[in-house]
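One structure is given here, and the rest of the page talks about it.
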Amino acid sequence: MTLADFDRFDATYDGTTHTVFRSGRGPAVVVMHEIPNLHPGVLAFGRRVADAGFTVYLPSLFGEPGAPVTARTNTRSILRACVSAEFSTWATRRTSPATRWLRALARDAHAACGGPGVGALGMCLTGGFALAMMVDDVVVAPVLSQPSVPFPVTPAMRRDLGISDDDLATIKRRTDVCVMGLRFTGDALVPAARFDRLRAELGDRFIAIEIDSSRGNPHGIPRLAHSVLAHDYVDTPGHPTRVALDRVLAFFAERLLPR
C-alpha cells in the first residue's frame with residue numbers, strides 16, 4: 001500500500017531513531033502498530049483517524065512500513081520482539097523501554113499540534129503502551145486495543161498490565177482521565193483477567209469494549225480474531241468492530257476536540 005499521502009520524517013530520542021508517518025490536521029493522536037509492521041490495515045485505521053479531524057502520527061517501530069502481512073513477517077516480528085530490549089514481552093510489573101521514546105514523540109506532537117493533549121492507541125504488542133504513556137500529563141485519551149504484553153503464559157502474566165508498580169501508581173492518580181480497552185472475548189492473547197485487572201485498578205474510568213467471538217456468535221466473528229481495528233476489522237455499519245471504531249473516534253473527539 002502506498003504511503004504517499006503521509007508526510008515522513010525521522011525522530012530521534014535518547015539515541016534511538018524511528019521513522020514516523022504523519023497525516024491530517026488537528027490535535028495529535030499517536031497510533032502504535034501491531035505485529036508484524038506498520039501494515040496496510042493499520043495505515044487504513046490511521047487515515048480514518050486523520051479524516052475524523054486529528055493529526056495522526058504513525059511511528060514505524062519494527063518491520064517494513066507498508067508491507068502486507070504474511071506468515072513470514074509475523075514470525076520474524078514476533079522473534080525480534082521476544083529478544084529486543086525495547087519490548088518487555090515476558091517480564092511482569094515492568095514498563096517497556098520503548099514507551100520512553102513514544103512519550104517523547106507525544107510531547108513533540110502536542111507542541112506541534114496544540115489542543116488539550118494527545119491521544120494514544122496501541123495494538124497487540126504495543127497495546128499496553130498507551131497506558132504506560134499516561135505517566136505524562138500530555139496523554140489524555142489512551143486506548144488499549146488487544147493489549148497482549150506480557151504474553152499471558154502464567155496466571156500472573158495474564159493479569160499483568162505491562163507497567164511498573166510506580167507507573168501504575170502515577171496513572172491511578174490521574175483521576176480525570178479515562179482509559180478505553182478493546183478485545184475479542186475469545187482472544188487467548190488478551191485474557192479476560194487482564195481487563196478484570198484494569199477494572200480493579202481504574203474502576204469506572206476503564207471503558208471496556210469486549211466483542212463476542214465465541215462459537216456461533218451472531219456476526220460470524222472467527223474464534224481466533226485478534227486485531228479489532230485492523231486485520232479483523234469489518235467496515236460494515238452495525239458490525240461490532242465498526243461500532244468499536246466509532247466509539248474510539250468519539251472518545252478522541254470528546255477528549256481532544258473543542259466543543
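The chains in the C-alpha cells are called A, B, ... from first to last as shown; in each chain the residues are counted from 1, and the ligands are counted from 1 in the order shown.
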
Applying 7 Å and only C-alpha atoms, which residues near Gly127 (chain A) remain after dropping the ones on its own chain fewer than 6 positions away? List them as a list in words. Leu144, Ser145, Gln146, Pro147 and Ser148 of chain A

Enumerate, in order of chain and increasing residue number, the residues of region 129-223 of chain A with an atom no farther than 12 Å from region 8-28 of chain A, each with its shortest atom pair and distance in Å to one decimal, counting only C-alpha atoms, as a Markdown table.
| residue | atom | partner | partner_atom | distance |
| --- | --- | --- | --- | --- |
| A:Val138 | CA | A:Ala28 | CA | 10.4 |
| A:Val139 | CA | A:Ala28 | CA | 9.8 |
| A:Val140 | CA | A:Ala28 | CA | 10.7 |
| A:Ala141 | CA | A:Ala28 | CA | 10.3 |

May I have the selected residues written with C-alpha atoms, as an mmCIF file, in the first residue's frame?
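Below you can see out.cif, which holds the result:
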data_model
loop_
_atom_site.group_PDB
_atom_site.id
_atom_site.type_symbol
_atom_site.label_atom_id
_atom_site.label_comp_id
_atom_site.auth_asym_id
_atom_site.auth_seq_id
_atom_site.Cartn_x
_atom_site.Cartn_y
_atom_site.Cartn_z
ATOM 1 C CA VAL A 138 0.087 15.301 27.831
ATOM 2 C CA VAL A 139 -1.619 11.945 27.083
ATOM 3 C CA VAL A 140 -5.321 12.471 27.773
ATOM 4 C CA ALA A 141 -7.032 9.876 25.537
#

For Phe184 (chain A), list every protein, DNA or RNA residue within 8 Å, evaluated using only C-alpha atoms, and leave out those in the same chain fewer than 3 positions away; present the list as a ChimeraX atom specification. /A:146,187,190,210-213,225-226,228

Could the residues in this selection be saved with C-alpha atoms as a PDB file, in the first residue's frame?
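Written file, result_36.pdb:
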ATOM      1  CA  GLN A 146      -5.910  -6.021  22.266  1.00  0.00           C
ATOM      2  CA  ASP A 187      -8.649 -13.923  22.210  1.00  0.00           C
ATOM      3  CA  VAL A 190      -5.763 -10.818  25.739  1.00  0.00           C
ATOM      4  CA  GLU A 210     -15.399  -6.670  24.557  1.00  0.00           C
ATOM      5  CA  ILE A 211     -16.589  -8.170  21.274  1.00  0.00           C
ATOM      6  CA  ASP A 212     -18.207 -11.606  21.283  1.00  0.00           C
ATOM      7  CA  SER A 213     -16.082 -14.064  19.303  1.00  0.00           C
ATOM      8  CA  ALA A 225      -9.997 -12.994  15.882  1.00  0.00           C
ATOM      9  CA  HIS A 226      -7.452 -10.668  17.475  1.00  0.00           C
ATOM     10  CA  VAL A 228     -10.040  -5.284  16.440  1.00  0.00           C
TER      11      VAL A 228
END

Extract, using only C-alpha atoms, all DNA, RNA and protein residues at most 12 Å from Gly117 (chain A), discarding same-chain residues fewer than 5 positions from it, and format them as a compact mmCIF listing (two decimals) with C-alpha atoms, in the first residue's frame.
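Contents of selection.txt, freshly written:
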# COMPACT_ATOMS: atom_id res chain seq x y z
CA GLY A 26 -5.95 18.93 14.42
CA PRO A 27 -4.87 17.60 17.81
CA ALA A 28 -2.37 14.75 17.71
CA VAL A 29 -3.10 11.04 18.04
CA VAL A 30 -0.15 8.63 18.22
CA PHE A 54 -6.87 14.74 14.01
CA THR A 55 -3.19 14.73 13.12
CA ALA A 106 3.80 12.54 22.09
CA ARG A 107 5.25 15.64 23.75
CA ASP A 108 6.63 16.91 20.45
CA ALA A 109 3.36 16.09 18.68
CA HIS A 110 1.42 18.09 21.26
CA ALA A 111 3.78 21.04 20.89
CA ALA A 112 3.30 20.94 17.11
CA MET A 134 -0.16 8.17 30.71
CA ASP A 136 2.97 12.10 31.08
CA ASP A 137 0.07 14.51 31.55
CA VAL A 138 0.09 15.30 27.83
CA VAL A 139 -1.62 11.95 27.08
CA VAL A 140 -5.32 12.47 27.77
CA ALA A 141 -7.03 9.88 25.54
CA PRO A 142 -5.38 6.44 25.86
CA VAL A 177 -8.51 10.58 32.50
CA PHE A 252 -10.78 11.00 20.85
CA ALA A 253 -13.24 13.73 19.87
CA GLU A 254 -14.59 14.08 23.41
CA ARG A 255 -11.13 14.38 24.91
CA LEU A 256 -9.27 16.31 22.20
CA LEU A 257 -11.58 18.43 20.05
CA PRO A 258 -13.05 21.77 21.15

Could you write out, as number ranges by chain, all the residues of region 98-255 of chain A that DSSP marks as alpha helix (DSSP H)? A: 98-113, 129-132, 155-159, 165-172, 192-202, 240-255

All residues 12 Å or closer to Ala169 (chain A), only C-alpha atoms, same chain fewer than 2 positions away omitted, as an mmCIF file with N, CA and C atoms, in the first residue's frame:
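In the end it all went to part38.cif:
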data_model
loop_
_atom_site.group_PDB
_atom_site.id
_atom_site.type_symbol
_atom_site.label_atom_id
_atom_site.label_comp_id
_atom_site.auth_asym_id
_atom_site.auth_seq_id
_atom_site.Cartn_x
_atom_site.Cartn_y
_atom_site.Cartn_z
ATOM 1 N N ARG A 93 5.232 -6.657 35.762
ATOM 2 C CA ARG A 93 5.450 -5.441 36.563
ATOM 3 C C ARG A 93 6.637 -4.624 36.038
ATOM 4 N N LEU A 131 -1.272 2.913 27.845
ATOM 5 C CA LEU A 131 -1.433 3.040 29.291
ATOM 6 C C LEU A 131 -0.153 3.584 29.919
ATOM 7 N N ALA A 132 0.979 3.013 29.533
ATOM 8 C CA ALA A 132 2.261 3.458 30.097
ATOM 9 C C ALA A 132 2.551 4.914 29.769
ATOM 10 N N MET A 134 0.610 7.284 29.838
ATOM 11 C CA MET A 134 -0.163 8.172 30.710
ATOM 12 C C MET A 134 0.635 8.752 31.872
ATOM 13 N N VAL A 135 1.843 8.279 32.084
ATOM 14 C CA VAL A 135 2.651 8.887 33.137
ATOM 15 C C VAL A 135 2.975 10.337 32.791
ATOM 16 N N ILE A 163 3.206 -2.670 32.965
ATOM 17 C CA ILE A 163 3.783 -1.440 33.506
ATOM 18 C C ILE A 163 4.315 -1.707 34.901
ATOM 19 N N SER A 164 5.224 -0.857 35.340
ATOM 20 C CA SER A 164 5.802 -0.999 36.672
ATOM 21 C C SER A 164 4.817 -0.533 37.736
ATOM 22 N N ASP A 165 5.086 -0.929 38.964
ATOM 23 C CA ASP A 165 4.225 -0.510 40.079
ATOM 24 C C ASP A 165 4.224 1.012 40.228
ATOM 25 N N ASP A 166 5.402 1.635 40.054
ATOM 26 C CA ASP A 166 5.471 3.095 40.191
ATOM 27 C C ASP A 166 4.659 3.789 39.098
ATOM 28 N N ASP A 167 4.758 3.284 37.860
ATOM 29 C CA ASP A 167 3.987 3.887 36.769
ATOM 30 C C ASP A 167 2.492 3.697 36.994
ATOM 31 N N ILE A 171 -0.394 6.606 37.201
ATOM 32 C CA ILE A 171 -1.586 6.563 36.352
ATOM 33 C C ILE A 171 -2.855 6.628 37.192
ATOM 34 N N LYS A 172 -2.881 5.930 38.288
ATOM 35 C CA LYS A 172 -4.080 5.898 39.131
ATOM 36 C C LYS A 172 -4.366 7.249 39.770
ATOM 37 N N ARG A 173 -3.335 8.080 39.912
ATOM 38 C CA ARG A 173 -3.552 9.421 40.462
ATOM 39 C C ARG A 173 -4.192 10.357 39.443
ATOM 40 N N ARG A 174 -4.203 9.976 38.172
ATOM 41 C CA ARG A 174 -4.793 10.831 37.131
ATOM 42 C C ARG A 174 -6.298 10.536 37.048
ATOM 43 N N THR A 175 -7.016 11.001 37.999
ATOM 44 C CA THR A 175 -8.439 10.651 38.109
ATOM 45 C C THR A 175 -9.317 11.353 37.082
ATOM 46 N N GLU A 201 -8.184 -1.758 39.035
ATOM 47 C CA GLU A 201 -7.261 -0.655 39.299
ATOM 48 C C GLU A 201 -7.878 0.708 38.993
ATOM 49 N N LEU A 202 -8.699 0.795 37.934
ATOM 50 C CA LEU A 202 -9.188 2.086 37.458
ATOM 51 C C LEU A 202 -10.665 2.318 37.732
#

Selected residue, from A:Cys82, A:Ala4, A:Ile207, A:Leu102, that lies nearest to Tyr57 (chain A) when counting only C-alpha atoms: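 Checking each candidate against Tyr57 (chain A), we get A:Leu102 as the closest.
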
Return as a VMD selection string the full set of residues in region 91-224 of chain A whose backbone-based DSSP assignment is strand (DSSP E or B). chain A and resid 118 to 123 139 to 145 179 to 184 206 to 211

For the selection just defined, write its residues with C-alpha atoms to a file, as a short mmCIF file (atom, residue, chain, number, x, y, z; two decimals), in the first residue's frame.
data_model
loop_
_atom_site.label_atom_id
_atom_site.label_comp_id
_atom_site.auth_asym_id
_atom_site.auth_seq_id
_atom_site.Cartn_x
_atom_site.Cartn_y
_atom_site.Cartn_z
CA VAL A 118 -2.64 13.86 22.82
CA GLY A 119 -4.48 10.64 22.06
CA ALA A 120 -2.54 7.37 22.10
CA LEU A 121 -3.60 4.00 20.74
CA GLY A 122 -1.60 0.80 20.82
CA MET A 123 -2.33 -2.57 19.22
CA VAL A 139 -1.62 11.95 27.08
CA VAL A 140 -5.32 12.47 27.77
CA ALA A 141 -7.03 9.88 25.54
CA PRO A 142 -5.38 6.44 25.86
CA VAL A 143 -6.80 3.41 24.01
CA LEU A 144 -5.56 -0.16 24.51
CA SER A 145 -6.51 -2.33 21.53
CA VAL A 179 -8.84 4.55 29.57
CA MET A 180 -10.53 2.60 26.78
CA GLY A 181 -9.74 -1.07 26.11
CA LEU A 182 -10.77 -3.33 23.21
CA ARG A 183 -10.63 -7.13 22.90
CA PHE A 184 -12.37 -10.12 21.36
CA PHE A 206 -11.91 1.97 32.46
CA ILE A 207 -14.18 1.72 29.40
CA ALA A 208 -14.17 -1.89 28.18
CA ILE A 209 -15.29 -2.87 24.69
CA GLU A 210 -15.40 -6.67 24.56
CA ILE A 211 -16.59 -8.17 21.27
#

For CA of Pro218 (chain A) and CA of Arg242 (chain A), the interatomic separation in Å (one decimal):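 Separation of CA of Pro218 (chain A) and CA of Arg242 (chain A): 14.8 Å.
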
Measuring atom to atom with only C-alpha atoms, identify which of A:Arg259, A:Thr185, A:Val243, A:Leu125 is nearest to Arg215 (chain A).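 Looking only at the distances to Arg215 (chain A), the closest residue turns out to be A:Thr185.
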
Would you mind reading off the distance between CA of Ser60 (chain A) and CA of His33 (chain A), one decimal, in Å?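 A separation of 7.4 Å between them.
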
Just checking: using only C-alpha atoms, which residue out of A:Ser96, A:Arg80, A:Arg205, A:His239 ends up closest to Ile221 (chain A)? A:His239

Neighbour list for Asp246 (chain A) as a PDB file with C-alpha atoms, in the first residue's frame, cut-off 12 Å, only C-alpha atoms, skip fewer than 5 positions in-chain:
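Contents of the output file selection-v9.pdb:
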ATOM      1  CA  PHE A  45      -7.059   2.997  10.549  1.00  0.00           C
ATOM      2  CA  ARG A  48      -9.732   7.170   9.446  1.00  0.00           C
ATOM      3  CA  VAL A  49      -8.283   8.977  12.461  1.00  0.00           C
ATOM      4  CA  ALA A  52     -12.040  12.456  11.788  1.00  0.00           C
ATOM      5  CA  ILE A 209     -15.293  -2.868  24.686  1.00  0.00           C
ATOM      6  CA  LEU A 229      -9.249  -2.177  14.374  1.00  0.00           C
ATOM      7  CA  TYR A 233     -11.940  -5.056  11.223  1.00  0.00           C
ATOM      8  CA  ASP A 235     -16.171  -1.829   7.688  1.00  0.00           C
ATOM      9  CA  THR A 236     -19.909  -2.522   7.721  1.00  0.00           C
ATOM     10  CA  PRO A 237     -22.372  -0.370   9.699  1.00  0.00           C
ATOM     11  CA  GLY A 238     -23.574  -2.259  12.748  1.00  0.00           C
ATOM     12  CA  HIS A 239     -20.691  -4.740  12.769  1.00  0.00           C
ATOM     13  CA  PRO A 240     -19.126  -4.854  16.278  1.00  0.00           C
ATOM     14  CA  THR A 241     -15.691  -3.815  15.008  1.00  0.00           C
ATOM     15  CA  PHE A 251     -13.538   9.051  22.599  1.00  0.00           C
ATOM     16  CA  PHE A 252     -10.782  11.004  20.854  1.00  0.00           C
ATOM     17  CA  ALA A 253     -13.237  13.733  19.870  1.00  0.00           C
TER      18      ALA A 253
END

Can you pull out every residue within 8 Å of region 65-77 of chain A, counting only C-alpha atoms, but drop anything in the same chain fewer than 4 positions away, and send it as a list in words?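 Those residues are Met1, Thr2, Leu3, Ile35, Pro36, Asn37, Leu38, His39, Pro40, Leu43, Ser60 and Ala81 of chain A.
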
Can you spit out the residues from that selection as a PDB file, in the first residue's frame, using N, CA and C atoms?
ATOM      1  N   MET A   1       0.852  -1.207   0.000  1.00  0.00           N
ATOM      2  CA  MET A   1       0.000   0.000   0.000  1.00  0.00           C
ATOM      3  C   MET A   1       0.876   1.242   0.000  1.00  0.00           C
ATOM      4  N   THR A   2       0.498   2.223  -0.785  1.00  0.00           N
ATOM      5  CA  THR A   2       1.295   3.439  -0.881  1.00  0.00           C
ATOM      6  C   THR A   2       1.247   4.234   0.416  1.00  0.00           C
ATOM      7  N   LEU A   3       2.352   4.933   0.668  1.00  0.00           N
ATOM      8  CA  LEU A   3       2.453   5.825   1.818  1.00  0.00           C
ATOM      9  C   LEU A   3       2.576   7.278   1.359  1.00  0.00           C
ATOM     10  N   ILE A  35       1.975  -6.273  15.444  1.00  0.00           N
ATOM     11  CA  ILE A  35       2.807  -7.185  14.674  1.00  0.00           C
ATOM     12  C   ILE A  35       2.101  -7.453  13.344  1.00  0.00           C
ATOM     13  N   PRO A  36       2.836  -7.521  12.216  1.00  0.00           N
ATOM     14  CA  PRO A  36       4.294  -7.570  12.121  1.00  0.00           C
ATOM     15  C   PRO A  36       4.955  -6.233  11.784  1.00  0.00           C
ATOM     16  N   ASN A  37       4.144  -5.198  11.445  1.00  0.00           N
ATOM     17  CA  ASN A  37       4.743  -3.956  10.954  1.00  0.00           C
ATOM     18  C   ASN A  37       3.639  -2.913  10.823  1.00  0.00           C
ATOM     19  N   LEU A  38       4.004  -1.775  10.321  1.00  0.00           N
ATOM     20  CA  LEU A  38       3.024  -0.727  10.006  1.00  0.00           C
ATOM     21  C   LEU A  38       2.347  -1.139   8.691  1.00  0.00           C
ATOM     22  N   HIS A  39       1.434  -2.094   8.804  1.00  0.00           N
ATOM     23  CA  HIS A  39       0.878  -2.750   7.620  1.00  0.00           C
ATOM     24  C   HIS A  39      -0.354  -2.003   7.097  1.00  0.00           C
ATOM     25  N   PRO A  40      -0.877  -2.390   5.930  1.00  0.00           N
ATOM     26  CA  PRO A  40      -1.983  -1.647   5.319  1.00  0.00           C
ATOM     27  C   PRO A  40      -3.212  -1.493   6.200  1.00  0.00           C
ATOM     28  N   LEU A  43      -2.466   1.353   8.560  1.00  0.00           N
ATOM     29  CA  LEU A  43      -2.475   2.604   7.789  1.00  0.00           C
ATOM     30  C   LEU A  43      -3.905   3.049   7.487  1.00  0.00           C
ATOM     31  N   SER A  60       7.003   3.861  12.909  1.00  0.00           N
ATOM     32  CA  SER A  60       7.332   2.507  12.471  1.00  0.00           C
ATOM     33  C   SER A  60       8.343   1.933  13.460  1.00  0.00           C
ATOM     34  N   ALA A  81      10.736  -9.200  18.610  1.00  0.00           N
ATOM     35  CA  ALA A  81      10.185  -8.600  19.824  1.00  0.00           C
ATOM     36  C   ALA A  81      10.588  -9.375  21.065  1.00  0.00           C
TER      37      ALA A  81
END

Could you work out how far CA of Leu245 (chain A) lies from CA of Arg199 (chain A), giving the answer in Å with one decimal? 21.1 Å
